[in-house]
Structure formats: structure tokens, C-alpha cells
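**Student:** Got a structure here, written out as C-alpha cells. Questions coming.
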Amino acid sequence: MSTDTGAGPDTAPDAGGEAGGGGAGGRPRPARRRAVPWTAVLALAPFALLGAAFRLGRLVRPGADDWCFLPVVRDEGALGMLAKFYLHDNGRVANALLVVGYGAFGVPGHQWFAPVSGTVVLGVLWALTAAALGRAGLTAPRGAVPLVAATATAVFLLATPDTYKTFYWPANSVSHTLAPVLACAAVIPLLRARTRRGHALASATALVAGVFIGTLSEETTVVACVVLGTVLLTGLRTPPGPGRTRVRSWCAVALAGLATGTAVLYLSPGARTRRARFGADTGSMLDPEALGAALRAFGEILGTVLTTWPYLGAVAAGVLLGLSARGGDRPADRRRPLLPVLAGLLAFLVSGYLCVVVTRPVLGADVATASRVWGDFLLLYVLLLTGIGVLLGRAVAPVAPRVRRPAPRTVAAAVAAAGCVLACAGLAGPLLRLETEMAVRAHDWDHQDRWLRDRAARGARVLPYAPVPVGGMLEPFGGHGRRVWPAPCVARYYHLDEVTYSPRLPRGGPGATCVTVPVCPSCKTSGTLRTPDGTMGSCRYPAVPPSSNTSSVRVSPETSPPRATTTSPTTASSPTATATTGWVWSSGTGGATSRTCWP
């Protein structure tokens, strides 16, 4: 755990010690010794939850958009990925850079993405909390800041209805989960700046971060602009001084960076292609009917978010921090706590609604249930809840250290501590269920991956693929084979010409030969068989032995169907001259292609 965090010395007794022992008194050292284990032990709950969540990263496997990113990174490198995004997909060049960052390592990059990105989120929120305390002139006991940062990280990453897409799917996380966290990181230099050089560095960071965020996520850009505008408006009520001037100049620089990045993205060929594909021009988004539909969708989202009780863990952690913090007692701030709360609440509502307006042309009515894209404004929600908790804790704490009110503080600390633990427990159950699903998918994915690589290495050009979904992820041949995307990307990933739909996973290793032959339209269906690749079909007619110009792959004989017929021996020129029996599997009617399996 870290040492005391803040601007001033930590000489006051800790509220956690009072909650644990029930006494305040004037002996700081015994209370301080009681505070260290209290806050440290309580912080174990969110840290244990995050450790379990990070550990599940080993079960992540590529899916959906990852299938299309990996071949580009492998075959064309970083420049190819940048060109794909800027010229064809969406114009998000910063997004392309982050994709290259994990895609260059292949499957291990996907497995390490969750623990690495989760550590980044935790580190940023930890540093942000400590910097905010220092700027406010507050000090906190050891364990308080890590507790707040870990609890906020846990509820932000794991409290959404679809944790897999929010946290474990890299293609989504870089745009909607990491993006707002990186925007928060740009605020830390401003909070830490004490000299002219420090403020210059903070402004430079804001400019670079603004350009980066502007080319990374449109939704996070919207949230950042709303928050910066809110800060500028609320700053008009504060007394003039160098502090307000520096904050306003920093906000102006950050807005300039965001505007620059947004212009680069909006004017890119990829963004134009994306708008044309979804009909997402500015006029259609601002149409009164579209705005009304977006408002209804945002209302549904609020209904889901506000009834997700684990978010109260952020409030509880904030209360504990407010109870234990010392210093910075300004009566004016205590008399007007509603101003920052109302400003933050308004910023959350406005930015959340605008995010829905921006996202709805792409997702349509599904935006109300696509929780993976809510992270852009949900981080602001979590920070707002934490801030409210800090204000509540400060309101319960005595105005002056000499005023003794142990009972209210003890009760508040106990209730807040219980809230933190219950929130972590409430998130642990869904995480355990998700672990089971991810383990099954990882096993099936690895098995099919080995099978496809083996067959491709033996010269196959067309192979079956069985969908292995998890967490509502899109897979090739979704809807029982009706939805094809991203099957072409899977074929490219395995160096194939095509992958076809299979309702069953492949089984076994080398041992038999399967070839593709035309189906005779005059043949009659005589039975249903399972081929060595696990698919189901109809036994059509006595199989014709493969000729020397027929492509073939090796499959396992242990799952071969019962022998349906016997054919004449093959010629000596055939690559499988010893085979005398075979079966034909048809995936369609006359004129389609079928698979003949030879033992």
C-alpha cells in the first residue's frame, strides 16, 4: 500500500480507526496504527476481485472484428492497419495504433490485453484520486486512495450487463473503455502542476491527448467536450485569480486538441465511407425523429444503469475517503456542495444523451442494449458517484478536529465498508459464470484452431468452421449459418480461400482423406451422416474415388460415419489409390458441392 497522500502532513486520527475501535480522542498514533490495517484489509476486497478478473484474460480468444484485424497486422504491419482504418473503415488512426499494440502479438496479445488495460485503468484512477486530494489540500491515510481507485475500477469494468465485450474484447475496449480513462489521465498533470513549467507541460499534454482522443473515439470526444464546457461555465462563479486563468487556458487547449483530432477523423476517407454505409450524415442524426428515438433509448439506458446496485460501491468508497480525509476545510465549500454535484450530474446526462445520438445511426435500436459502448460516459458516472460519496463523508465528519462525533462517523464508516464489500461480492457471481463460459470457448476455439491450421498446412483451400460464441460476440455464420460475417476474415487468417458453415466442431486428427466433388442431381437421399469434420449431411450416392487433380485434406477416421457403400478400386495414379470405400456429404440440393470422406 502507498504512504499518506496529499499536500499536508497527516497528523489527524483516521476515521477508519474510529470505525474499527469506536474512539476518536487526542492520541493520533494509536488511531493511526488502527487505521492502517482497517483500510488495507478493506481494500483487499476490490483488489481480489480485480485480480480474479485480470486472471481471466488468459481465456480470451479472437472474435468478431479481431478476425479482420489480425491478418492485416500480420501481413501488412502497422502501416497497413493505419491505412485500413483511415482509408476504409472509420478514420480512427489512434484506434489503429492501439490495435497494432496488441494485435502484433497475435492471440497472446488478446490474452494480455485485459490485465494490462485493467492495470492502466487502476493506475490512472489511483493517480487521479491522489492528485485531486493534493489539489484540494487534503490528506488521506494509507489504504484509502487505493481502496477508492480499486473500487471505482471494479464497478466501471465489471458492473455493465456485458462484461466480456466491455473489458475482455480488445476491439471494443480501446474505443469505449480505455478511451475515457486516457482522457482522465490528461487531467493529472494539471492537478499536479505547481510551477509555470508544470502548467506548460500540462497544457502540452492536454493538446496531444486531445488530438489522440479525437482520432480514437467520437463518443469520448463528446463526453470530454461537455465536461470541459461545464468546467468553463462553472468557473465563471469563482473569484478571479491565476488558478482560474490557468484552468480556463488548459480547457481551451484541450478543446483545440479535440477539435483538431475530430477534424482529422471526420474528413478522412474511412469516416466518409462509414457514414455512407450507415447513412449517418449530420442531417440524419439531428433529425427530430432521430433525436426523439435517441432520447427514448437513453432513457432505457438510464433505467438499466440506475438500477444496477453495485455502482453504489463507488459511493461507499467515496464516503470512506471523505470520512478519513483531513485538511482543506473551507466553510464556503461545505455550504455549497450542490453546485459541483448538479454540474456533474448535468454533464453526465447531456454527454450520455449525445453519445447515444452519435452511436444510434450505427447500432440502431440496439444502442439501448449495447452496453459495450456505454463506457464513454459511464466512467463519468462512476467518478460522479465517488465524488458524491466524498462530499457525504465530509459532511458527516466534524468541521473541526476538536469536535467529537464518534457515533455518526462510526455508523457511516461501517455502512460504507459493508457497501464496498457487498458491491464486490455482487460482481463476483457474474464473473464466475463468465469464467465458465470463457473456459468452454477457449477450449473449443483452441481445438478448432489447431484443426484448421493442420488442414490448411496440408493444402486445403475450403474448410468448415463452427461458431464458438461467448458473451454475445459475433461469430462467423451466426443465426445458424445465416449471418456470414466475418467468415472472409477467418479464411484470410488461416490462409484459406473460404470457410463454410458447420454446426459442429471438428474432431480428431489426421487419418482419412476428404475431397470436394460435385453432387449428382439425380441421386436420392438415403440417410443422414456425420462427417469427420463434425458436420451433418445426407448420404447421396456411391462415392467416386478422387482423381489426381482433386484437392484433399487429412481428417480423423475415428469419427467417420458407417460405411454407406463400396466402390470400385481407384487407379494407381490417384493420390489415395488404396481407398475403395467412401461417403458423400451434401450441404444442399442438386448442383451443390459435397464432401467425400475416405477411410
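Letters A, B, ... go to the chains of the C-alpha cells in the order shown; residues in each chain start at 1; ligands are counted from 1 in the same order.
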Leaving out A:Ala416 and any residue of its chain fewer than 5 positions from it, which residues lie within 7 Å of it when counting only C-alpha atoms, given as a JSON list (two decimals) with N, CA, C and O atoms, in the first residue's frame?
**Tutor:**
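Result saved to out.json:
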```
[["chain", "number", "residue", "atom", "x", "y", "z"],
["A", 316, "ALA", "N", -19.88, 4.26, -1.70],
["A", 316, "ALA", "CA", -19.38, 3.80, -0.40],
["A", 316, "ALA", "C", -17.89, 4.08, -0.25],
["A", 316, "ALA", "O", -17.44, 4.55, 0.81],
["A", 317, "ALA", "N", -17.12, 3.81, -1.29],
["A", 317, "ALA", "CA", -15.68, 4.09, -1.22],
["A", 317, "ALA", "C", -15.43, 5.58, -1.07],
["A", 317, "ALA", "O", -14.53, 6.01, -0.32],
["A", 319, "VAL", "N", -17.42, 7.72, 0.43],
["A", 319, "VAL", "CA", -17.76, 8.08, 1.81],
["A", 319, "VAL", "C", -16.60, 7.79, 2.74],
["A", 319, "VAL", "O", -16.24, 8.60, 3.61],
["A", 320, "LEU", "N", -15.97, 6.64, 2.58],
["A", 320, "LEU", "CA", -14.83, 6.29, 3.43],
["A", 320, "LEU", "C", -13.68, 7.27, 3.24],
["A", 320, "LEU", "O", -13.02, 7.66, 4.20]]
```
**Student:** DSSP on the backbone: what in stretch 373-503 of chain A comes out helix (DSSP H, G or I), as a ChimeraX atom specification?
**Tutor:** /A:373,375-396,406-457,478-481,487-493
**Student:** Please list as a PyMOL selection string every residue within 12 Å of A:Ala83, counting only C-alpha atoms and excluding residues in the same chain fewer than 6 positions away.
**Tutor:** chain A and resi 69+72-73+76-77+89-97+268-270
**Student:** Looking at A:Ser203, A:Thr308, A:Thr220, A:Thr369, which one is nearest to A:Phe156, with distances taken over only C-alpha atoms?
**Tutor:**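 Comparing A:Ser203, A:Thr308, A:Thr220, A:Thr369 against A:Phe156, the winner is A:Thr308.
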**Student:** May I have the residues within 10 Å of A:Thr436 as a list of chain:residue names, using only C-alpha atoms and disregarding those fewer than 6 positions away in the same chain?
**Tutor:**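 With the cut-off at 10 Å, the set is A:Leu56, A:Leu59, A:Ala442.
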**Student:** Taking only residues of stretch 177-261 of chain A that have an atom at most 7 Å from an atom of stretch 347-362 of chain A, what is each one's shortest atom pair and its distance in Å to one decimal, using only C-alpha atoms, in chain and number order, as a tab-separated table?
**Tutor:**
```
residue	atom	partner	partner_atom	distance
A:Glu219	CA	A:Cys355	CA	5.2
A:Val222	CA	A:Ser351	CA	6.4
A:Val223	CA	A:Ser351	CA	4.9
A:Val226	CA	A:Ser351	CA	6.0
A:Val227	CA	A:Ala347	CA	5.9
A:Thr230	CA	A:Ala347	CA	6.7
```
**Student:** Could you give me, as a ChimeraX atom specification, the residues within 9 Å of A:Phe212, counting only C-alpha atoms and dropping anything in the same chain fewer than 2 positions from it?
**Tutor:** /A:93-95,207-210,214-217,257-258,261
**Student:** Output C-alpha atoms for every residue in the selection just made, as a PDB file, in the first residue's frame.
**Tutor:**
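That gives us out_4.pdb:
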```pdb
ATOM      1  CA  VAL A  93      -5.934   6.366 -36.647  1.00  0.00           C
ATOM      2  CA  ALA A  94      -5.287   6.368 -32.884  1.00  0.00           C
ATOM      3  CA  ASN A  95      -7.547   3.351 -32.630  1.00  0.00           C
ATOM      4  CA  LEU A 207      -3.145  19.254 -26.618  1.00  0.00           C
ATOM      5  CA  VAL A 208      -1.593  15.898 -27.516  1.00  0.00           C
ATOM      6  CA  ALA A 209      -4.237  13.974 -25.587  1.00  0.00           C
ATOM      7  CA  GLY A 210      -6.997  15.954 -27.284  1.00  0.00           C
ATOM      8  CA  GLY A 214     -10.285  12.927 -31.180  1.00  0.00           C
ATOM      9  CA  THR A 215      -8.933  10.239 -33.505  1.00  0.00           C
ATOM     10  CA  LEU A 216      -9.705   7.386 -31.104  1.00  0.00           C
ATOM     11  CA  SER A 217     -13.358   7.649 -30.085  1.00  0.00           C
ATOM     12  CA  GLY A 257      -6.756  19.375 -29.463  1.00  0.00           C
ATOM     13  CA  LEU A 258     -10.116  17.607 -29.527  1.00  0.00           C
ATOM     14  CA  GLY A 261      -8.426  15.267 -33.828  1.00  0.00           C
TER      15      GLY A 261
END
```
**Student:** Can you pull out every residue within 10 Å of A:Ala131, counting only C-alpha atoms, but drop anything in the same chain fewer than 3 positions away, and send it as a list in words?
**Tutor:**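 The residues satisfying every condition are Thr5, Gly6, Ala7, Leu125, Trp126, Ala127, Leu128, Gly134, Arg135, Ala136, Gly137, Leu138, Val187, Ile188, Pro189, Leu190, Leu191, Arg192 and Ala193 of chain A.
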**Student:** Can you write out the residues you just picked, keeping C-alpha atoms, as a short mmCIF file (atom, residue, chain, number, x, y, z; two decimals), in the first residue's frame?
**Tutor:**
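Output saved as result.cif:
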```
data_model
loop_
_atom_site.label_atom_id
_atom_site.label_comp_id
_atom_site.auth_asym_id
_atom_site.auth_seq_id
_atom_site.Cartn_x
_atom_site.Cartn_y
_atom_site.Cartn_z
CA THR A 5 -1.26 11.01 0.03
CA GLY A 6 -1.87 14.71 -0.06
CA ALA A 7 -0.35 18.12 0.25
CA LEU A 125 -7.77 6.32 -11.25
CA TRP A 126 -5.31 5.88 -8.38
CA ALA A 127 -3.15 8.75 -9.61
CA LEU A 128 -6.21 10.89 -10.37
CA GLY A 134 -3.44 17.06 -3.20
CA ARG A 135 -5.02 19.89 -5.18
CA ALA A 136 -7.78 20.18 -2.55
CA GLY A 137 -5.22 20.29 0.25
CA LEU A 138 -6.46 17.03 1.77
CA VAL A 187 -6.05 15.84 -16.22
CA ILE A 188 -3.42 14.55 -13.78
CA PRO A 189 -0.59 16.91 -14.92
CA LEU A 190 -2.95 19.87 -14.44
CA LEU A 191 -3.78 18.79 -10.89
CA ARG A 192 -0.11 18.23 -10.09
CA ALA A 193 1.23 21.44 -11.68
#
```
